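Text of final_0.txt, listed as compact mmCIF, C-alpha atoms and all ligand atoms:
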```txt
# COMPACT_ATOMS: atom_id res chain seq x y z
CA MET A 405 0.00 0.00 0.00
CA ASN A 406 1.25 3.46 -0.85
CA ARG A 407 1.94 5.88 1.95
CA LYS A 408 -0.42 8.84 2.10
CA VAL A 409 0.42 12.45 2.87
CA THR A 410 -2.17 15.17 3.27
CA VAL A 411 -1.10 18.73 2.59
CA VAL A 412 -3.56 21.19 4.10
CA GLY A 413 -3.49 24.51 2.25
CA GLY A 414 -3.08 24.46 -1.52
CA GLY A 415 -1.32 27.81 -1.77
CA ASN A 416 2.28 28.45 -2.72
CA VAL A 417 3.95 26.34 -0.04
CA GLY A 418 1.33 23.58 -0.01
CA ALA A 419 1.10 23.06 -3.76
CA THR A 420 4.88 23.20 -4.24
CA LEU A 421 5.27 20.67 -1.43
CA ALA A 422 2.67 18.40 -3.05
CA GLN A 423 4.63 18.63 -6.29
CA ARG A 424 7.93 17.78 -4.61
CA LEU A 425 6.43 14.77 -2.81
CA ALA A 426 4.78 13.49 -5.99
CA ASP A 427 7.83 14.05 -8.18
CA ARG A 428 9.92 12.05 -5.71
CA GLU A 429 7.25 9.31 -5.57
CA LEU A 430 7.37 9.55 -1.80
CA ALA A 431 3.67 9.03 -1.23
CA ASP A 432 0.19 9.54 -2.62
CA VAL A 433 -0.73 13.12 -1.92
CA VAL A 434 -4.03 14.75 -1.00
CA LEU A 435 -4.05 18.53 -1.35
CA ILE A 436 -6.90 20.20 0.53
CA ASP A 437 -7.96 23.84 0.62
CA ILE A 438 -11.12 25.82 1.34
CA ILE A 439 -11.15 27.47 -2.10
CA GLU A 440 -13.28 25.40 -4.47
CA GLY A 441 -11.45 24.23 -7.56
CA LEU A 442 -8.01 25.41 -6.45
CA PRO A 443 -6.70 22.16 -4.94
CA GLN A 444 -8.51 20.11 -7.60
CA GLY A 445 -6.88 22.13 -10.40
CA LYS A 446 -3.41 22.15 -8.86
CA GLY A 447 -3.68 18.48 -7.86
CA LEU A 448 -4.61 17.42 -11.38
CA ASP A 449 -1.88 19.60 -12.86
CA ILE A 450 0.74 18.02 -10.56
CA MET A 451 -0.62 14.54 -11.34
CA GLU A 452 -0.33 15.23 -15.07
CA ALA A 453 3.39 15.85 -14.59
CA THR A 454 3.93 12.38 -13.08
CA PRO A 455 4.21 10.52 -16.42
CA VAL A 456 7.01 12.88 -17.40
CA GLU A 457 8.62 12.67 -13.98
CA GLY A 458 8.34 8.89 -13.96
CA SER A 459 6.37 8.81 -10.74
CA ASP A 460 3.33 6.68 -9.95
CA ALA A 461 2.27 8.83 -7.02
CA ARG A 462 -1.41 9.70 -7.10
CA VAL A 463 -2.33 13.30 -6.38
CA VAL A 464 -5.86 14.35 -5.45
CA GLY A 465 -7.11 17.87 -4.80
CA THR A 466 -10.18 18.29 -2.65
CA ASN A 467 -12.27 20.48 -0.34
CA ASP A 468 -13.52 17.46 1.60
CA TYR A 469 -11.58 16.11 4.58
CA ARG A 470 -13.01 12.62 4.03
CA ASP A 471 -10.57 12.29 1.11
CA THR A 472 -7.70 12.74 3.54
CA ALA A 473 -8.67 9.70 5.66
CA GLY A 474 -5.89 7.37 6.77
CA SER A 475 -2.98 9.70 6.07
CA ASP A 476 0.43 8.77 7.51
CA VAL A 477 1.55 12.39 7.61
CA VAL A 478 -0.46 15.62 7.63
CA VAL A 479 1.33 18.87 6.81
CA ILE A 480 -0.45 22.11 7.70
CA THR A 481 0.43 25.00 5.40
CA ALA A 482 -2.98 26.71 5.52
CA GLY A 483 -3.19 30.33 6.52
CA ILE A 484 -2.24 33.76 5.37
CA ALA A 485 1.36 34.61 4.47
CA ARG A 486 3.32 37.80 5.11
CA LYS A 487 3.16 40.90 2.97
CA PRO A 488 6.00 43.48 2.89
CA GLY A 489 6.28 45.29 6.22
CA MET A 490 4.53 42.49 8.12
CA SER A 491 6.28 40.30 10.64
CA ARG A 492 5.40 36.62 11.03
CA ASP A 493 3.81 37.56 14.36
CA ASP A 494 1.24 39.78 12.60
CA LEU A 495 -0.36 36.58 11.30
CA LEU A 496 -1.06 35.26 14.80
CA ASN A 497 -4.81 35.60 15.31
CA THR A 498 -5.93 34.76 11.78
CA ASN A 499 -3.72 31.71 11.48
CA TYR A 500 -4.61 30.54 15.00
CA LYS A 501 -8.22 29.95 13.94
CA ILE A 502 -7.18 28.33 10.66
CA VAL A 503 -4.59 26.00 12.21
CA ARG A 504 -7.02 25.00 14.97
CA GLU A 505 -9.68 24.05 12.43
CA CYS A 506 -7.27 22.23 10.11
CA THR A 507 -5.78 20.22 12.97
CA GLU A 508 -9.18 19.13 14.28
CA LYS A 509 -10.55 18.16 10.88
CA SER A 510 -7.39 16.35 9.76
CA LEU A 511 -7.10 14.26 12.90
CA GLU A 512 -10.76 13.25 12.78
CA GLN A 513 -9.90 11.48 9.53
CA SER A 514 -6.31 10.44 10.30
CA PRO A 515 -6.02 9.81 14.04
CA ASP A 516 -2.66 8.02 13.67
CA ALA A 517 -0.95 10.69 11.56
CA ILE A 518 2.26 12.56 12.28
CA LEU A 519 1.52 16.29 12.16
CA ILE A 520 4.00 18.75 10.68
CA VAL A 521 3.13 22.42 11.02
CA VAL A 522 4.39 25.02 8.55
CA SER A 523 1.96 27.94 9.01
CA ASN A 524 3.33 31.05 10.71
CA PRO A 525 4.05 32.28 13.29
CA LEU A 526 5.53 28.81 13.30
CA ASP A 527 6.32 28.02 16.92
CA ALA A 528 3.03 29.45 18.21
CA MET A 529 1.09 27.54 15.53
CA CYS A 530 2.84 24.32 16.62
CA GLN A 531 1.66 25.04 20.14
CA VAL A 532 -1.90 25.50 18.82
CA ALA A 533 -1.80 22.23 16.87
CA TYR A 534 -0.31 20.37 19.87
CA LYS A 535 -2.99 21.62 22.27
CA VAL A 536 -5.85 20.93 19.86
CA ALA A 537 -4.51 17.53 18.78
CA GLY A 538 -3.90 16.20 22.28
CA LEU A 539 -1.26 13.88 20.79
CA PRO A 540 2.06 12.95 22.35
CA ARG A 541 4.68 15.59 21.60
CA HIS A 542 6.73 13.36 19.33
CA ARG A 543 3.88 13.37 16.77
CA VAL A 544 3.49 17.17 16.44
CA PHE A 545 6.41 19.31 15.31
CA GLY A 546 7.17 22.20 13.03
CA MET A 547 9.27 23.16 10.02
CA ALA A 548 11.52 26.20 10.33
CA GLY A 549 15.06 25.17 11.24
CA VAL A 550 15.62 23.14 8.08
CA LEU A 551 14.68 26.19 6.01
CA ASP A 552 16.70 28.66 8.08
CA SER A 553 19.69 26.29 8.00
CA ALA A 554 19.32 25.85 4.22
CA ARG A 555 19.43 29.63 3.86
CA MET A 556 22.53 29.80 6.02
CA ARG A 557 24.16 26.98 4.01
CA THR A 558 23.40 28.86 0.79
CA PHE A 559 25.09 32.02 2.08
CA MET A 560 28.07 30.00 3.40
CA ALA A 561 28.55 28.30 0.04
CA MET A 562 28.23 31.64 -1.79
CA GLU A 563 30.80 33.31 0.50
CA LEU A 564 33.34 30.47 0.36
CA GLY A 565 32.76 29.42 -3.24
CA VAL A 566 32.21 25.77 -2.28
CA SER A 567 29.54 23.22 -3.06
CA VAL A 568 26.40 23.50 -0.96
CA GLU A 569 26.82 19.77 -0.43
CA ASN A 570 29.91 20.46 1.68
CA THR A 571 27.96 22.74 3.98
CA HIS A 572 26.13 21.98 7.17
CA ALA A 573 24.38 24.50 9.41
CA PHE A 574 22.32 24.62 12.55
CA VAL A 575 19.80 27.35 13.21
CA LEU A 576 17.90 26.91 16.45
CA GLY A 577 15.34 28.94 18.41
CA GLY A 578 12.04 30.43 17.33
CA HIS A 579 11.33 31.07 13.65
CA GLY A 580 11.51 34.85 13.84
CA ASP A 581 13.89 37.76 14.26
CA THR A 582 15.34 36.13 17.39
CA MET A 583 16.33 32.86 15.67
CA VAL A 584 19.74 31.54 16.69
CA PRO A 585 22.12 30.60 13.86
CA LEU A 586 25.05 28.70 15.41
CA PRO A 587 28.30 29.41 13.49
CA ARG A 588 30.27 27.02 15.74
CA TYR A 589 28.11 24.16 14.54
CA SER A 590 27.96 25.39 10.95
CA THR A 591 30.65 23.72 8.92
CA VAL A 592 32.21 23.18 5.52
CA SER A 593 33.32 19.55 5.33
CA GLY A 594 33.36 19.45 9.12
CA ILE A 595 35.33 22.70 9.59
CA PRO A 596 33.40 25.38 11.52
CA ILE A 597 32.94 28.60 9.52
CA THR A 598 34.41 30.46 12.50
CA GLU A 599 37.76 28.94 11.42
CA LEU A 600 37.28 29.73 7.75
CA LEU A 601 35.95 33.28 7.75
CA PRO A 602 36.73 36.51 9.63
CA PRO A 603 34.17 37.42 12.34
CA GLU A 604 32.58 40.19 10.25
CA LYS A 605 31.82 37.76 7.39
CA VAL A 606 30.37 35.22 9.83
CA ASP A 607 28.25 38.01 11.34
CA ALA A 608 26.99 39.02 7.91
CA ILE A 609 25.95 35.41 7.16
CA VAL A 610 24.18 35.15 10.53
CA LYS A 611 22.31 38.44 9.94
CA ARG A 612 21.30 37.56 6.40
CA THR A 613 20.06 34.17 7.60
CA ALA A 614 17.93 35.72 10.34
CA SER A 615 16.31 38.10 7.85
CA GLY A 616 16.25 35.56 5.00
CA GLY A 617 12.45 35.37 4.90
CA ALA A 618 12.02 39.15 4.92
CA GLU A 619 14.55 39.47 2.07
CA ILE A 620 12.34 37.28 -0.14
CA VAL A 621 9.12 39.01 0.97
CA SER A 622 10.52 42.42 0.05
CA LEU A 623 11.59 41.17 -3.38
CA LEU A 624 8.33 39.38 -4.16
CA LYS A 625 6.17 42.28 -2.91
CA THR A 626 3.24 39.89 -2.61
CA GLY A 627 3.43 36.60 -0.72
CA SER A 628 6.42 34.97 0.91
CA ALA A 629 9.00 32.31 0.09
CA TYR A 630 7.86 28.87 -0.96
CA TYR A 631 10.47 27.01 -3.00
CA ALA A 632 12.94 26.63 -0.14
CA PRO A 633 10.18 26.20 2.49
CA SER A 634 8.57 23.37 0.52
CA ALA A 635 11.97 21.71 -0.07
CA ALA A 636 12.70 21.89 3.66
CA THR A 637 9.31 20.39 4.53
CA ALA A 638 9.76 17.62 1.97
CA GLU A 639 13.05 16.68 3.66
CA MET A 640 11.21 16.26 6.96
CA VAL A 641 8.40 14.20 5.38
CA ASP A 642 11.05 12.04 3.69
CA ALA A 643 12.83 11.45 7.02
CA VAL A 644 9.55 10.31 8.59
CA LEU A 645 8.26 8.13 5.76
CA LYS A 646 11.62 6.43 5.25
CA ASP A 647 12.27 6.14 9.01
CA LYS A 648 15.67 7.70 8.42
CA HIS A 649 16.58 8.68 12.03
CA LYS A 650 17.77 11.94 10.52
CA VAL A 651 18.89 14.78 12.76
CA LEU A 652 17.33 18.04 11.61
CA PRO A 653 16.53 21.29 13.39
CA CYS A 654 12.77 21.19 14.08
CA ALA A 655 10.33 23.07 16.27
CA CYS A 656 9.71 20.62 19.12
CA TYR A 657 7.75 20.77 22.34
CA LEU A 658 10.34 21.04 25.07
CA GLU A 659 9.86 19.57 28.51
CA GLY A 660 12.99 20.85 30.20
CA GLU A 661 15.50 20.31 27.39
CA PHE A 662 17.88 23.27 27.10
CA GLY A 663 16.24 24.57 30.30
CA ILE A 664 12.99 25.35 28.43
CA ARG A 665 9.62 23.89 29.39
CA ASP A 666 6.14 23.60 27.84
CA LEU A 667 7.06 25.51 24.72
CA TYR A 668 7.81 24.87 21.02
CA VAL A 669 11.28 26.04 20.04
CA GLY A 670 13.64 24.96 17.27
CA VAL A 671 16.15 22.35 18.45
CA PRO A 672 18.08 19.48 16.83
CA ALA A 673 15.69 16.54 16.57
CA GLN A 674 16.04 13.01 15.25
CA LEU A 675 13.18 12.19 12.88
CA GLY A 676 11.89 8.74 12.04
CA GLU A 677 8.56 7.04 11.47
CA ARG A 678 7.43 7.78 15.05
CA GLY A 679 8.10 11.47 14.43
CA VAL A 680 10.58 13.05 16.85
CA GLU A 681 12.54 10.09 18.21
CA LYS A 682 14.97 12.11 20.23
CA ILE A 683 15.91 15.71 20.95
CA TRP A 684 19.66 16.21 20.77
CA GLU A 685 20.69 18.42 23.64
CA ILE A 686 23.91 19.76 22.16
CA LYS A 687 26.32 21.79 24.28
CA LEU A 688 25.89 25.54 24.00
CA THR A 689 28.13 28.35 25.18
CA ASP A 690 26.65 30.78 27.71
CA ALA A 691 26.04 33.31 24.93
CA GLU A 692 24.33 30.75 22.66
CA ARG A 693 22.18 29.49 25.52
CA ALA A 694 21.21 33.07 26.41
CA ALA A 695 20.24 33.71 22.77
CA LEU A 696 18.14 30.53 22.72
CA HIS A 697 16.37 31.61 25.91
CA ARG A 698 15.74 35.10 24.49
CA SER A 699 14.22 33.47 21.42
CA ALA A 700 12.10 31.15 23.56
CA ALA A 701 10.88 34.17 25.55
CA ALA A 702 9.74 35.82 22.30
CA VAL A 703 7.81 32.65 21.37
CA LYS A 704 6.26 32.51 24.84
CA GLU A 705 5.07 36.10 24.52
CA LEU A 706 3.10 35.15 21.40
CA VAL A 707 1.78 31.92 22.86
CA ASP A 708 0.61 33.81 25.96
CA VAL A 709 -1.48 36.12 23.76
CA LEU A 710 -3.44 33.08 22.59
CA LYS A 711 -4.14 31.90 26.16
CA LEU A 712 -4.05 28.27 25.07
N1 LIG B 801 7.58 27.67 8.68
C1 LIG B 801 8.16 28.28 7.67
O1 LIG B 801 9.38 28.33 7.59
C2 LIG B 801 7.32 28.92 6.59
C3 LIG B 801 7.88 29.24 5.36
C4 LIG B 801 7.07 29.80 4.36
C5 LIG B 801 5.73 30.05 4.63
N2 LIG B 801 5.22 29.75 5.86
C6 LIG B 801 3.83 29.99 6.20
O2 LIG B 801 3.05 29.00 5.52
C7 LIG B 801 1.73 29.53 5.31
C8 LIG B 801 1.34 29.35 3.85
O3 LIG B 801 2.14 30.16 3.02
P1 LIG B 801 1.82 30.25 1.46
O4 LIG B 801 2.88 31.08 0.86
O5 LIG B 801 1.54 28.92 0.93
O6 LIG B 801 0.46 31.08 1.51
P2 LIG B 801 -0.71 31.09 0.39
O7 LIG B 801 -1.54 32.27 0.69
O8 LIG B 801 -0.11 30.93 -0.95
O9 LIG B 801 -1.54 29.76 0.70
C9 LIG B 801 -2.29 29.57 1.85
C10 LIG B 801 -3.47 28.69 1.48
O10 LIG B 801 -4.18 28.34 2.68
C11 LIG B 801 -5.55 28.25 2.32
N3 LIG B 801 -6.40 28.29 3.50
C12 LIG B 801 -6.76 29.36 4.24
N4 LIG B 801 -7.60 28.97 5.23
C13 LIG B 801 -7.75 27.63 5.11
C14 LIG B 801 -8.48 26.65 5.83
N5 LIG B 801 -9.22 26.99 6.89
N6 LIG B 801 -8.41 25.38 5.44
C15 LIG B 801 -7.66 25.01 4.36
N7 LIG B 801 -6.95 25.89 3.62
C16 LIG B 801 -6.99 27.18 4.00
C17 LIG B 801 -5.76 29.43 1.39
O11 LIG B 801 -6.95 29.28 0.64
C18 LIG B 801 -4.50 29.39 0.56
O12 LIG B 801 -4.68 28.63 -0.64
C19 LIG B 801 1.79 31.00 5.78
O13 LIG B 801 1.31 31.10 7.10
C20 LIG B 801 3.27 31.31 5.74
O14 LIG B 801 3.63 32.35 6.61
C21 LIG B 801 6.00 29.18 6.83
```
Mind converting the file's structure to structure tokens?
Amino acid sequence: MNRKVTVVGGGNVGATLAQRLADRELADVVLIDIIEGLPQGKGLDIMEATPVEGSDARVVGTNDYRDTAGSDVVVITAGIARKPGMSRDDLLNTNYKIVRECTEKSLEQSPDAILIVVSNPLDAMCQVAYKVAGLPRHRVFGMAGVLDSARMRTFMAMELGVSVENTHAFVLGGHGDTMVPLPRYSTVSGIPITELLPPEKVDAIVKRTASGGAEIVSLLKTGSAYYAPSAATAEMVDAVLKDKHKVLPCACYLEGEFGIRDLYVGVPAQLGERGVEKIWEIKLTDAERAALHRSAAAVKELVDVLKL
């Protein structure tokens, strides 16, 4: 039997994710949205590419949650995206209602699914999905760190003129202005960039990473990034479906790890078919730990507004 992935939200991120999953023949994909015709049209269009791509994945677009029944993974990308001048936090109240509804309806049909949240503000929306779902924490987590790390890797490769394949990066913390890129753990073939670049170049990479989303928003003028976000989400889905035990930075519910409790924050997590198999509590310097706690405090401020 084919694996089944539901992508909730057939907008830029959702549809591009559906395409990536189908192209890679990772699973059958159901794309669901509230706009009539939109997921059906995009789903059919993606499906019609499969003969060319050589993939036998089936792709269905729908407005009816019954079509999503029995999914192994549900990815929530529904909600509004940023416009220029908006922060991710400006999306809070609108996306809260949307993520709540999508979580409830998806789990009614797929009670055993792993839930991956993409909608912003990411960490707060994970907290919403977790509370509504009532699932163990290992089955609800969010995508942000893989994207932020991919951005950092891109800038590292551009600066050093090396293959992106040689790069590795870790960006932890909340998915916002307070995110915590970790240069010490960001390497080219295992060598930390702090040993390869002068401090001002490292600083510039860190700053560009932290404002990587805003850079795209200001260029696009309408909407936000979706190629890299969908690629990052596909990597997480892949790790789950193939039970890869892959360590990736993910927004996870912390219960004391890194000294943080009852809150979603980006940390290194090992992903497999059970979802988050393990949180890797890597050693941080005092400054890194303080930055992570500042970022967690910013997430908590948002979560407190929602009074979950
Ligand atoms: N975590 C990350 O790193 C990251 C990266 C990029 C985008 N995002 C977030 O992902 C979300 C989607 O971004 P996008 O660019 O695809 O936006 P988009 O506007 O292109 O698509 C959003 C889709 O959600 C649908 N939708 C709205 N309410 C719904 C509901 N109740 N049920 C089902 N579908 C519903 C809309 O009809 C629309 O098609 C945004 O919140 C954005 O900020 C997060």
Surroundings of ligand LIG 801 (chain B) up to 6 Å, based on all atoms listed in the file, as a PyMOL selection string | chain A and resi 412-418+437-439+481-486+502+506+522-524+526+547-548+551+627-630+633
Could you check which of A:Ser553, A:Thr613, A:Gln674, A:Ser514 is closest to Thr591 in chain A, using all atoms listed in the file?
-> A:Ser553
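For the pair CA of Leu688 in chain A and CA of Ser634 in chain A, the interatomic distance is 29.3 Å.
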d(CA of Asp666 in chain A, CA of Glu505 in chain A) in Å =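 Going from CA of Asp666 in chain A over to CA of Glu505 in chain A, I get 22.1 Å.
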Do you know which residues are at most 10 Å from range 692-702 of chain A counting all atoms listed in the file, after dropping those on the same chain fewer than 6 positions away, and could you put them as a list in words?
->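 Residues near the query, excluding close chain neighbours: Asp527, Leu576, Gly577, Gly578, His579, Gly580, Asp581, Thr582, Met583, Val584, Pro585, Leu586, Arg588, Phe662, Gly663, Ile664, Arg665, Leu667, Tyr668, Val669, Gly670 and Val671 of chain A.
The space between CA of Thr420 in chain A and CA of Thr637 in chain A spans 10.2 Å.
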Min atom-atom distance to Val536 in chain A from the set A:Gln423, A:Ser459, A:Gln513, A:Thr507, counting all atoms listed in the file, belongs to A:Thr507
Can you patch up range 674-685 of chain A, filling it in to all heavy atoms, and show the result as an mmCIF file, in the frame of the given file?
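Okay, result-v6.cif is ready:
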```
data_model
loop_
_atom_site.group_PDB
_atom_site.id
_atom_site.type_symbol
_atom_site.label_atom_id
_atom_site.label_comp_id
_atom_site.auth_asym_id
_atom_site.auth_seq_id
_atom_site.Cartn_x
_atom_site.Cartn_y
_atom_site.Cartn_z
ATOM 1 N N GLN A 674 15.839 14.193 16.102
ATOM 2 C CA GLN A 674 16.040 13.010 15.250
ATOM 3 C C GLN A 674 14.686 12.530 14.778
ATOM 4 O O GLN A 674 13.822 12.193 15.582
ATOM 5 C CB GLN A 674 16.739 11.946 16.085
ATOM 6 C CG GLN A 674 17.109 10.714 15.303
ATOM 7 C CD GLN A 674 17.905 9.760 16.188
ATOM 8 O OE1 GLN A 674 18.874 10.149 16.835
ATOM 9 N NE2 GLN A 674 17.483 8.517 16.230
ATOM 10 N N LEU A 675 14.486 12.542 13.442
ATOM 11 C CA LEU A 675 13.180 12.190 12.880
ATOM 12 C C LEU A 675 13.176 10.786 12.294
ATOM 13 O O LEU A 675 14.077 10.396 11.559
ATOM 14 C CB LEU A 675 12.787 13.173 11.769
ATOM 15 C CG LEU A 675 12.536 14.631 12.135
ATOM 16 C CD1 LEU A 675 11.941 15.374 10.942
ATOM 17 C CD2 LEU A 675 11.637 14.766 13.347
ATOM 18 N N GLY A 676 12.111 10.069 12.607
ATOM 19 C CA GLY A 676 11.890 8.740 12.040
ATOM 20 C C GLY A 676 10.396 8.504 11.924
ATOM 21 O O GLY A 676 9.606 9.460 12.045
ATOM 22 N N GLU A 677 9.985 7.265 11.741
ATOM 23 C CA GLU A 677 8.560 7.040 11.470
ATOM 24 C C GLU A 677 7.662 7.353 12.671
ATOM 25 O O GLU A 677 6.467 7.552 12.514
ATOM 26 C CB GLU A 677 8.309 5.634 10.924
ATOM 27 C CG GLU A 677 8.470 4.532 11.913
ATOM 28 C CD GLU A 677 8.202 3.163 11.303
ATOM 29 O OE1 GLU A 677 7.742 3.098 10.159
ATOM 30 O OE2 GLU A 677 8.478 2.167 11.990
ATOM 31 N N ARG A 678 8.227 7.392 13.876
ATOM 32 C CA ARG A 678 7.430 7.780 15.050
ATOM 33 C C ARG A 678 7.345 9.297 15.181
ATOM 34 O O ARG A 678 6.704 9.813 16.088
ATOM 35 C CB ARG A 678 8.039 7.217 16.321
ATOM 36 C CG ARG A 678 7.933 5.713 16.485
ATOM 37 C CD ARG A 678 8.532 5.253 17.806
ATOM 38 N NE ARG A 678 7.839 5.773 18.969
ATOM 39 C CZ ARG A 678 8.355 6.660 19.829
ATOM 40 N NH1 ARG A 678 9.565 7.124 19.650
ATOM 41 N NH2 ARG A 678 7.658 7.073 20.864
ATOM 42 N N GLY A 679 8.028 10.019 14.306
ATOM 43 C CA GLY A 679 8.100 11.470 14.430
ATOM 44 C C GLY A 679 9.419 11.832 15.093
ATOM 45 O O GLY A 679 10.477 11.351 14.676
ATOM 46 N N VAL A 680 9.350 12.659 16.149
ATOM 47 C CA VAL A 680 10.580 13.050 16.850
ATOM 48 C C VAL A 680 10.991 11.899 17.781
ATOM 49 O O VAL A 680 10.346 11.636 18.784
ATOM 50 C CB VAL A 680 10.368 14.340 17.675
ATOM 51 C CG1 VAL A 680 11.616 14.655 18.492
ATOM 52 C CG2 VAL A 680 10.035 15.514 16.760
ATOM 53 N N GLU A 681 12.082 11.235 17.412
ATOM 54 C CA GLU A 681 12.540 10.090 18.210
ATOM 55 C C GLU A 681 13.377 10.542 19.386
ATOM 56 O O GLU A 681 13.454 9.873 20.401
ATOM 57 C CB GLU A 681 13.432 9.181 17.343
ATOM 58 C CG GLU A 681 12.710 8.619 16.154
ATOM 59 C CD GLU A 681 13.645 7.836 15.247
ATOM 60 O OE1 GLU A 681 14.827 8.207 15.108
ATOM 61 O OE2 GLU A 681 13.174 6.847 14.681
ATOM 62 N N LYS A 682 14.033 11.669 19.197
ATOM 63 C CA LYS A 682 14.970 12.110 20.230
ATOM 64 C C LYS A 682 15.299 13.583 19.993
ATOM 65 O O LYS A 682 15.424 14.006 18.844
ATOM 66 C CB LYS A 682 16.244 11.271 20.101
ATOM 67 C CG LYS A 682 17.326 11.593 21.066
ATOM 68 C CD LYS A 682 18.519 10.672 20.823
ATOM 69 C CE LYS A 682 19.719 11.233 21.522
ATOM 70 N NZ LYS A 682 20.944 10.502 21.217
ATOM 71 N N ILE A 683 15.412 14.331 21.068
ATOM 72 C CA ILE A 683 15.910 15.710 20.950
ATOM 73 C C ILE A 683 17.384 15.684 21.357
ATOM 74 O O ILE A 683 17.729 15.148 22.408
ATOM 75 C CB ILE A 683 15.090 16.656 21.855
ATOM 76 C CG1 ILE A 683 13.670 16.801 21.276
ATOM 77 C CG2 ILE A 683 15.766 18.021 21.983
ATOM 78 C CD1 ILE A 683 12.667 17.474 22.155
ATOM 79 N N TRP A 684 18.205 16.222 20.502
ATOM 80 C CA TRP A 684 19.660 16.210 20.770
ATOM 81 C C TRP A 684 20.018 17.470 21.548
ATOM 82 O O TRP A 684 20.005 18.572 21.002
ATOM 83 C CB TRP A 684 20.438 16.164 19.450
ATOM 84 C CG TRP A 684 20.464 14.806 18.835
ATOM 85 C CD1 TRP A 684 19.390 13.965 18.659
ATOM 86 C CD2 TRP A 684 21.604 14.113 18.335
ATOM 87 N NE1 TRP A 684 19.797 12.797 18.066
ATOM 88 C CE2 TRP A 684 21.157 12.852 17.853
ATOM 89 C CE3 TRP A 684 22.957 14.431 18.240
ATOM 90 C CZ2 TRP A 684 22.011 11.923 17.287
ATOM 91 C CZ3 TRP A 684 23.817 13.507 17.668
ATOM 92 C CH2 TRP A 684 23.338 12.266 17.202
ATOM 93 N N GLU A 685 20.362 17.270 22.800
ATOM 94 C CA GLU A 685 20.690 18.420 23.640
ATOM 95 C C GLU A 685 22.170 18.761 23.507
ATOM 96 O O GLU A 685 22.980 18.407 24.358
ATOM 97 C CB GLU A 685 20.319 18.106 25.093
ATOM 98 C CG GLU A 685 19.483 19.213 25.686
ATOM 99 C CD GLU A 685 18.998 18.931 27.081
ATOM 100 O OE1 GLU A 685 18.608 17.789 27.348
ATOM 101 O OE2 GLU A 685 19.015 19.876 27.874
#
```
